[in-house]
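Peer 1: Quick one: the structure is below, and I'll ask about it shortly.
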2 protein chains.
Amino acid sequence: MFVERVGTLTKGDTAPLYQQLQRVLRNAIERQVLAPAEALPAERDLAIAYNVSRVTVRKALDGLVDARLLTRKQGAGTFVAARVEKNFATISSFTEDMLSRGRVPRSEWLARTEGTVAPEEAMALGLSPGSQVYRFTRIRYADNVSMALEYATVPASSLPSLDAVTESLYDALGTDRPVRVLQRFRAVLFTDEQSELLRIERNAPGLEIERRGYTQDGRTVEFTKSWYRGDAYDFVAELNVPPA
Amino acid sequence: MFVERVGTLTKGDTAPLYQQLQRVLRNAIERQVLAPAEALPAERDLAIAYNVSRVTVRKALDGLVDARLLTRKQGAGTFVAARVEKNFATISSFTEDMLSRGRVPRSEWLARTEGTVAPEEAMALGLSPGSQVYRFTRIRYADNVSMALEYATVPASSLPSLDAVTESLYDALGTDRPVRVLQRFRAVLFTDEQSELLRIERNAPGLEIERRGYTQDGRTVEFTKSWYRGDAYDFVAELNVPPA
DNA sequence: ACCCCGAATTGGACCGAACCAAAATATGAC
DNA sequence: GTCATATTTTGGTTCGGTCCAATTCGGGGT
């Protein structure tokens with residue numbers, strides 16, 4: 001039986017059924033209990049097997065389909081994705097990014113100030129002139145190797161205090177953590193001043209990244225400009241086509 | 001009445017109801033008939049107003065919510081997103097990218113060959129050794145200004161013939177068009193040879209982009225490595241957090 | 001063996017209905 | 001007026017059904 005192979009829904013679990021089903025299937029796929037390209041039982045059969053309605057099964061599958069773990073073909077069936085791609089891309093802060101690569105992040109503070117929004121910031125953050133903002137300027141290190149210069153601006157309303165930020169800005173933001181960011185990349189040459197701060201040779205190439213972070217409800221909570229060392233940093237991103 | 005303000009479902013339209021509802025709402029939002037932060041009628045009321053079931057209303061809203069056009073708050077209501085961001089990011093080929101910026105794309109072919117996969121390509125494309133591939137090498141221009149050097153590799157099985165590609169590779173791919181791409185960015189210095197091809201000064205910064213394109217069903221159909229001029233090209237991307 | 005066609009299977013779209021949980025609002029006590 | 005509390009409103013989850021459309025597959029005919 002399918003249920004025995006992949007696992008059952010935990011009795012007593014208060015989470016929504018469709019999420020439980022998702023978890024069970026996701027696990028099975030990740031540990032290859034369900035082989036790539038393998039067909040799942042029909043939705044109607046899954047519903048019977050797990051004793052839930054087909055609507056619930058579909059809602060569970062919906063999530064896994066747009067997480068790219070499954071593919072559906074009308075008339076044919078639902079299949080485990082042929083090639084399960086890793087959790088690539090999907091935003092992360094510098095801190096999290098480094099940790100996920102097995103490196104130790106560290107920051108050297110250059111400045112940490114409170115002030116009134118500058119015009120450019122007001123535009124980017126969608127704030128009215130005169131609003132208070134916090135600014136954070138840091139040199140970022142990974143395993144004690146300088147990686148980037150970072151200038152972050154955050155609305156004062158999104159942080160309890162100026163020194164709420166220790167290492168990770170995103171941790172400090174808490175519920176105001178961005179769920180979505182827009183980034184602009186371009187290649188530049190480091191200025192002499194920047195080279196000195198990062199202690200790298202002059203005229204080295206750098207990746208200039210401008211980032212705007214948005215909360216769930218669409219507020220802008222982060223405007224960050226950074227310069228990454230071209231020789232030490234790769235940025236990986238996933239893009240999708242618009243849904244037609 | 002709400003329906004009069006935003007529009008009605010077209011009678012006789014054979015498209016699924018939830019898609020029609022989506023279209024109507026999307027239009028209203030885009031042309032500001034529905035103001036940002038404005039609350040929509042309750043789902044139950046929408047269902048009555050449009051004479052569809054609440055399930056259908058929810059399915060329509062679901063789509064708009066994760067397209068960031070709406071936000072939902074349990075107990076409170078559904079609201080037009082405060083800040084409607086443009087269709088940023090969301091992959092496009094060089095051709096489409098340039099057209100959307102109002103520039104005229106052009107290519108200068110350096111090579112167009114057929115051959116057997118190289119080890120690096122086989123790995124990237126997930127092909128077995130010995131498979132046939134097409135390779136396309138071009139200099140890309142926008143408004144007759146050189147923008148990038150591009151080396152693309154595609155499985156022969158995804159294209160009818162080597163010369164199916166005229167300007168846009170993605171057009172030629174047809175149904176095998178990627179719906180998702182993974183990109184790696186890094187900043188580098190152009191080599192002397194590259195500088196010469198692009199007719200730019202030596203030691204200029206460039207954006208090195210490695211791209212893998214995936215079709216709907218997870219097959220890799222594109223492996224492209226390109227070098228963009230740092231002074232002429234900005235790349236914008238949208239990232240999301242994983243769904244927990 | 002091969003090909004065409006109808007039947008069975010499978011996902012896709014919809015419906016009406018019910019109950020839960022969070023948020024907003026009305027109510028009443030102080 | 002103020003504040004705690006009950007009620008209402010709103011989205012969130014789940015059910016059992018029905019019909020449609022793409023795909024697959026078994027038969028029958030050649």
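For the structure tokens, the naming scheme is as follows: chains receive sequential letters (A, B, ...) according to their order of presentation, residues are indexed from 1 within each chain, and ligands are indexed from 1 in presentation order.
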Could you build a table of the residues in chain C lying no more than 12 Å from chain A, giving for each the nearest pair of atoms and their separation in Å rounded to one decimal place, using only C-alpha atoms (C1' of nucleotides), ordered by chain and ascending residue number, as CSV?

Peer 2:
residue,atom,partner,partner_atom,distance
C:DA8,C1',A:Gly75,CA,10.8
C:DT9,C1',A:Gly75,CA,7.0
C:DT10,C1',A:Gly75,CA,4.2
C:DG11,C1',A:Gln74,CA,4.2
C:DG12,C1',A:Gln74,CA,7.5
C:DA13,C1',A:Val55,CA,11.5
C:DC14,C1',A:Val55,CA,11.5
C:DC20,C1',A:Pro16,CA,11.1

Peer 1: Keeping only N, CA and C atoms (P, O5', C5', C4', C3', O3' and C1' of nucleotides), write those residues as an mmCIF file, in the first residue's frame.

Peer 2:
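Just written: selection25.cif:
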data_model
loop_
_atom_site.group_PDB
_atom_site.id
_atom_site.type_symbol
_atom_site.label_atom_id
_atom_site.label_comp_id
_atom_site.auth_asym_id
_atom_site.auth_seq_id
_atom_site.Cartn_x
_atom_site.Cartn_y
_atom_site.Cartn_z
ATOM 1 P P DA C 8 -16.269 1.556 -20.089
ATOM 2 O "O5'" DA C 8 -14.904 1.939 -19.358
ATOM 3 C "C5'" DA C 8 -13.791 1.054 -19.497
ATOM 4 C "C4'" DA C 8 -12.536 1.704 -18.924
ATOM 5 C "C3'" DA C 8 -12.709 2.290 -17.521
ATOM 6 O "O3'" DA C 8 -11.592 1.897 -16.731
ATOM 7 C "C1'" DA C 8 -11.847 3.943 -18.982
ATOM 8 P P DT C 9 -11.553 2.302 -15.174
ATOM 9 O "O5'" DT C 9 -10.450 3.443 -15.159
ATOM 10 C "C5'" DT C 9 -9.219 3.222 -15.852
ATOM 11 C "C4'" DT C 9 -8.366 4.476 -15.829
ATOM 12 C "C3'" DT C 9 -8.383 5.220 -14.483
ATOM 13 O "O3'" DT C 9 -7.042 5.445 -14.081
ATOM 14 C "C1'" DT C 9 -8.803 6.712 -16.269
ATOM 15 P P DT C 10 -6.765 6.088 -12.634
ATOM 16 O "O5'" DT C 10 -6.447 7.598 -12.998
ATOM 17 C "C5'" DT C 10 -5.393 7.885 -13.930
ATOM 18 C "C4'" DT C 10 -5.308 9.370 -14.161
ATOM 19 C "C3'" DT C 10 -5.543 10.166 -12.886
ATOM 20 O "O3'" DT C 10 -4.512 11.088 -12.618
ATOM 21 C "C1'" DT C 10 -6.983 10.920 -14.625
ATOM 22 P P DG C 11 -4.594 11.956 -11.257
ATOM 23 O "O5'" DG C 11 -4.766 13.421 -11.828
ATOM 24 C "C5'" DG C 11 -3.745 13.992 -12.636
ATOM 25 C "C4'" DG C 11 -4.295 15.136 -13.456
ATOM 26 C "C3'" DG C 11 -4.570 16.425 -12.664
ATOM 27 O "O3'" DG C 11 -4.268 17.537 -13.492
ATOM 28 C "C1'" DG C 11 -6.553 15.699 -13.660
ATOM 29 P P DG C 12 -4.566 19.010 -13.025
ATOM 30 O "O5'" DG C 12 -6.011 19.293 -13.667
ATOM 31 C "C5'" DG C 12 -6.090 19.782 -14.997
ATOM 32 C "C4'" DG C 12 -7.345 20.627 -15.163
ATOM 33 C "C3'" DG C 12 -7.490 21.745 -14.137
ATOM 34 O "O3'" DG C 12 -7.975 22.903 -14.820
ATOM 35 C "C1'" DG C 12 -9.386 20.349 -14.037
ATOM 36 P P DA C 13 -8.372 24.196 -14.012
ATOM 37 O "O5'" DA C 13 -9.954 24.028 -13.844
ATOM 38 C "C5'" DA C 13 -10.744 24.000 -15.013
ATOM 39 C "C4'" DA C 13 -12.213 24.093 -14.656
ATOM 40 C "C3'" DA C 13 -12.568 25.228 -13.682
ATOM 41 O "O3'" DA C 13 -13.754 25.841 -14.155
ATOM 42 C "C1'" DA C 13 -13.351 23.181 -12.829
ATOM 43 P P DC C 14 -14.189 27.303 -13.711
ATOM 44 O "O5'" DC C 14 -15.437 27.065 -12.802
ATOM 45 C "C5'" DC C 14 -15.552 25.843 -12.157
ATOM 46 C "C4'" DC C 14 -16.967 25.591 -11.746
ATOM 47 C "C3'" DC C 14 -17.373 26.455 -10.563
ATOM 48 O "O3'" DC C 14 -18.638 27.077 -10.782
ATOM 49 C "C1'" DC C 14 -17.384 24.114 -9.990
ATOM 50 P P DC C 20 -16.788 23.996 15.002
ATOM 51 O "O5'" DC C 20 -15.384 24.659 14.608
ATOM 52 C "C5'" DC C 20 -14.371 23.858 14.005
ATOM 53 C "C4'" DC C 20 -13.175 24.741 13.641
ATOM 54 C "C3'" DC C 20 -12.726 25.682 14.759
ATOM 55 O "O3'" DC C 20 -11.316 25.631 14.878
ATOM 56 C "C1'" DC C 20 -13.158 26.912 12.784
#

Peer 1: Just list as a VMD selection string whatever in stretch 4-237 of chain B DSSP marks as helix (DSSP H, G or I).

Peer 2: chain B and resid 4 to 6 17 to 30 43 to 50 54 to 66 94 to 100 119 to 125 156 to 158 162 to 164 169 to 176 192 to 198

Peer 1: For those residues, write C-alpha atoms to a file as a CSV table (one decimal), in the first residue's frame.

Peer 2:
chain,number,residue,atom,x,y,z
B,4,GLU,CA,-20.3,47.9,-12.1
B,5,ARG,CA,-17.1,49.5,-11.0
B,6,VAL,CA,-14.7,46.8,-11.9
B,17,LEU,CA,-14.6,31.3,-14.3
B,18,TYR,CA,-11.8,31.8,-11.8
B,19,GLN,CA,-9.5,33.0,-14.5
B,20,GLN,CA,-12.1,35.4,-15.8
B,21,LEU,CA,-12.6,36.8,-12.3
B,22,GLN,CA,-8.9,37.1,-12.0
B,23,ARG,CA,-8.7,39.0,-15.2
B,24,VAL,CA,-11.4,41.4,-14.2
B,25,LEU,CA,-9.8,42.1,-10.8
B,26,ARG,CA,-6.3,42.4,-12.2
B,27,ASN,CA,-7.5,45.0,-14.7
B,28,ALA,CA,-9.3,47.0,-12.1
B,29,ILE,CA,-6.2,47.0,-9.9
B,30,GLU,CA,-3.8,47.9,-12.7
B,43,GLU,CA,-15.6,36.5,-0.5
B,44,ARG,CA,-19.1,35.5,0.2
B,45,ASP,CA,-20.4,38.8,-1.3
B,46,LEU,CA,-18.1,38.5,-4.3
B,47,ALA,CA,-19.5,35.0,-4.9
B,48,ILE,CA,-23.1,36.4,-4.9
B,49,ALA,CA,-22.2,39.4,-7.0
B,50,TYR,CA,-20.5,37.4,-9.7
B,54,ARG,CA,-17.1,30.9,-2.9
B,55,VAL,CA,-14.7,28.2,-3.8
B,56,THR,CA,-14.3,29.8,-7.2
B,57,VAL,CA,-13.8,33.2,-5.7
B,58,ARG,CA,-11.2,31.9,-3.4
B,59,LYS,CA,-9.3,30.2,-6.2
B,60,ALA,CA,-9.3,33.4,-8.2
B,61,LEU,CA,-8.1,35.4,-5.2
B,62,ASP,CA,-5.5,32.8,-4.4
B,63,GLY,CA,-3.8,33.5,-7.7
B,64,LEU,CA,-3.8,37.3,-7.3
B,65,VAL,CA,-2.6,36.9,-3.7
B,66,ASP,CA,0.6,35.1,-4.7
B,94,PHE,CA,17.9,38.9,-23.8
B,95,THR,CA,15.7,39.7,-26.8
B,96,GLU,CA,12.6,40.1,-24.7
B,97,ASP,CA,14.4,41.9,-22.0
B,98,MET,CA,15.7,44.5,-24.4
B,99,LEU,CA,12.4,44.9,-26.1
B,100,SER,CA,10.7,45.5,-22.8
B,119,PRO,CA,31.5,17.0,-19.9
B,120,GLU,CA,30.7,20.3,-18.3
B,121,GLU,CA,27.6,20.6,-20.5
B,122,ALA,CA,26.5,17.1,-19.9
B,123,MET,CA,26.6,17.8,-16.2
B,124,ALA,CA,24.7,21.1,-16.5
B,125,LEU,CA,22.1,19.8,-19.0
B,156,ALA,CA,19.6,18.9,-30.2
B,157,SER,CA,16.4,17.2,-29.3
B,158,SER,CA,14.9,20.5,-28.3
B,162,LEU,CA,20.5,24.3,-36.1
B,163,ASP,CA,19.2,27.3,-38.0
B,164,ALA,CA,15.9,27.4,-36.3
B,169,LEU,CA,16.6,31.3,-28.8
B,170,TYR,CA,13.5,31.2,-26.7
B,171,ASP,CA,11.2,31.7,-29.6
B,172,ALA,CA,12.9,28.8,-31.4
B,173,LEU,CA,12.5,26.5,-28.4
B,174,GLY,CA,8.7,26.9,-28.6
B,175,THR,CA,7.0,24.5,-26.2
B,176,ASP,CA,10.4,23.6,-24.7
B,192,ASP,CA,41.6,41.3,-23.5
B,193,GLU,CA,40.0,39.0,-26.1
B,194,GLN,CA,36.6,39.7,-24.8
B,195,SER,CA,37.2,43.5,-24.7
B,196,GLU,CA,38.2,43.4,-28.3
B,197,LEU,CA,35.1,41.5,-29.4
B,198,LEU,CA,32.8,43.9,-27.5

Peer 1: Could you please tell me, as a list in words, which residues of chain D have an atom within 10 Å of chain A when using only C-alpha atoms (C1' of nucleotides)?

Peer 2: DG12, DT13, DT14, DC15, DG16, DA21, DA22, DT23 and DT24 of chain D

Peer 1: Fewer than 4 positions away in the same chain doesn't count, so skip those; otherwise give me all residues within 10 Å of A:Arg138, counting only C-alpha atoms (C1' of nucleotides), as an MDAnalysis selection string.

Peer 2: chainID A and resid 106:112 148:152 226

Peer 1: Save out the residues we just selected, C-alpha atoms, as a PDB file, in the first residue's frame.

Peer 2:
ATOM      1  CA  ARG A 106      30.960  38.264  10.844  1.00  0.00           C
ATOM      2  CA  SER A 107      30.475  42.011  10.629  1.00  0.00           C
ATOM      3  CA  GLU A 108      32.664  44.972  11.288  1.00  0.00           C
ATOM      4  CA  TRP A 109      30.575  48.028  12.055  1.00  0.00           C
ATOM      5  CA  LEU A 110      31.511  51.243  10.326  1.00  0.00           C
ATOM      6  CA  ALA A 111      28.468  53.224  11.393  1.00  0.00           C
ATOM      7  CA  ARG A 112      25.086  52.812  12.967  1.00  0.00           C
ATOM      8  CA  ALA A 148      31.355  42.984   0.966  1.00  0.00           C
ATOM      9  CA  LEU A 149      30.569  46.525   1.940  1.00  0.00           C
ATOM     10  CA  GLU A 150      26.995  47.041   2.957  1.00  0.00           C
ATOM     11  CA  TYR A 151      24.855  50.129   3.474  1.00  0.00           C
ATOM     12  CA  ALA A 152      21.405  49.305   4.825  1.00  0.00           C
ATOM     13  CA  SER A 226      26.214  46.572  -1.248  1.00  0.00           C
TER      14      SER A 226
END

Peer 1: For C:DC3, please output as a PyMOL selection string all residues within 12 Å (counting only C-alpha atoms (C1' of nucleotides); exclusion window: fewer than 4 positions along the same chain).

Peer 2: chain D and resi 27-30

Peer 1: Of the candidates B:Pro205, B:Gly213, B:Pro129, B:Gly12, which one gets nearest to chain A if we count only C-alpha atoms?

Peer 2: B:Pro205

Peer 1: A:Phe235: which residues within 12 Å, counting only C-alpha atoms (C1' of nucleotides), same-chain residues fewer than 6 positions away excluded, as a VMD selection string?

Peer 2: (chain A and resid 88 to 94 97 to 98 101 183 to 186 206 to 209 228 to 229) or (chain B and resid 182 to 187 207 to 211 237 239)

Peer 1: Report the distance between atom CA of A:Trp227 and atom CA of A:Arg180 in Å, rounded to one decimal place.

Peer 2: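 So the answer is 20.3 Å.
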
Peer 1: So that I can check the secondary structure, give me every residue of stretch 34-132 of chain B assigned strand (DSSP E) by backbone DSSP, as a PyMOL selection string.

Peer 2: chain B and resi 70-73+77-80+105-116+132

Peer 1: Take the selection from the previous step and output its residues with C-alpha atoms, as a short mmCIF file (atom, residue, chain, number, x, y, z; two decimals), in the first residue's frame.

Peer 2:
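Here's the written file result22.cif:
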data_model
loop_
_atom_site.label_atom_id
_atom_site.label_comp_id
_atom_site.auth_asym_id
_atom_site.auth_seq_id
_atom_site.Cartn_x
_atom_site.Cartn_y
_atom_site.Cartn_z
CA LEU B 70 -3.78 41.32 -3.07
CA THR B 71 -3.18 40.61 0.57
CA ARG B 72 -5.48 38.72 2.87
CA LYS B 73 -6.01 39.10 6.58
CA GLY B 77 -10.66 41.20 4.72
CA THR B 78 -8.87 41.13 1.41
CA PHE B 79 -7.05 44.25 0.28
CA VAL B 80 -5.44 45.58 -2.82
CA PRO B 105 18.10 43.81 -29.87
CA ARG B 106 20.44 42.48 -32.51
CA SER B 107 22.90 39.62 -32.68
CA GLU B 108 26.17 39.11 -34.43
CA TRP B 109 26.85 35.42 -34.91
CA LEU B 110 30.30 34.17 -34.07
CA ALA B 111 29.55 30.50 -34.37
CA ARG B 112 26.68 28.09 -34.71
CA THR B 113 27.69 24.46 -34.47
CA GLU B 114 26.46 20.98 -33.80
CA GLY B 115 28.43 18.55 -31.71
CA THR B 116 28.65 16.10 -28.86
CA GLN B 132 24.02 15.77 -29.62
#

Peer 1: Kindly indicate which residue among A:Val165, A:Ile200, A:Leu127, A:Ala67 lies nearest to chain B, using only C-alpha atoms for the distances.

Peer 2: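 That would be A:Ala67, the residue with the smallest distance to chain B.
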
Peer 1: Name the closest residue to chain A among the candidates B:Thr224, B:Pro36, B:Thr137, B:Ser128; distances are taken between atoms, counting only C-alpha atoms.

Peer 2: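 Among B:Thr224, B:Pro36, B:Thr137, B:Ser128, it is B:Pro36 that comes nearest to chain A.
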
Peer 1: Just to confirm, what's the straight-line distance from atom CA of A:Glu238 to atom CA of B:Glu238 in Å (one decimal)?

Peer 2: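 One can read the atom CA of A:Glu238 to atom CA of B:Glu238 distance as 8.2 Å.
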
Peer 1: Report, in Å to a single decimal, how far apart atom CA of A:Val236 and atom CA of B:Thr153 are.

Peer 2: 19.6 Å

Peer 1: Residues near D:DT8, anyone? I mean within 12 Å using only C-alpha atoms (C1' of nucleotides), not counting same-chain ones fewer than 2 positions away, as number ranges by chain.

Peer 2: B: 75-76; C: 23-27; D: 6, 10

Peer 1: Output C-alpha atoms (C1' of nucleotides) for every residue in that selection, as a tab-separated table (two decimals), in the first residue's frame.

Peer 2:
chain	number	residue	atom	x	y	z
B	75	GLY	CA	-11.01	38.22	10.10
B	76	ALA	CA	-10.31	41.55	8.45
C	23	DA	C1'	-10.22	40.42	13.65
C	24	DA	C1'	-13.42	43.99	14.07
C	25	DT	C1'	-17.42	45.77	16.13
C	26	DA	C1'	-21.08	46.28	19.26
C	27	DT	C1'	-22.42	45.86	24.13
D	6	DA	C1'	-19.94	39.00	23.75
D	10	DT	C1'	-14.21	37.72	7.49
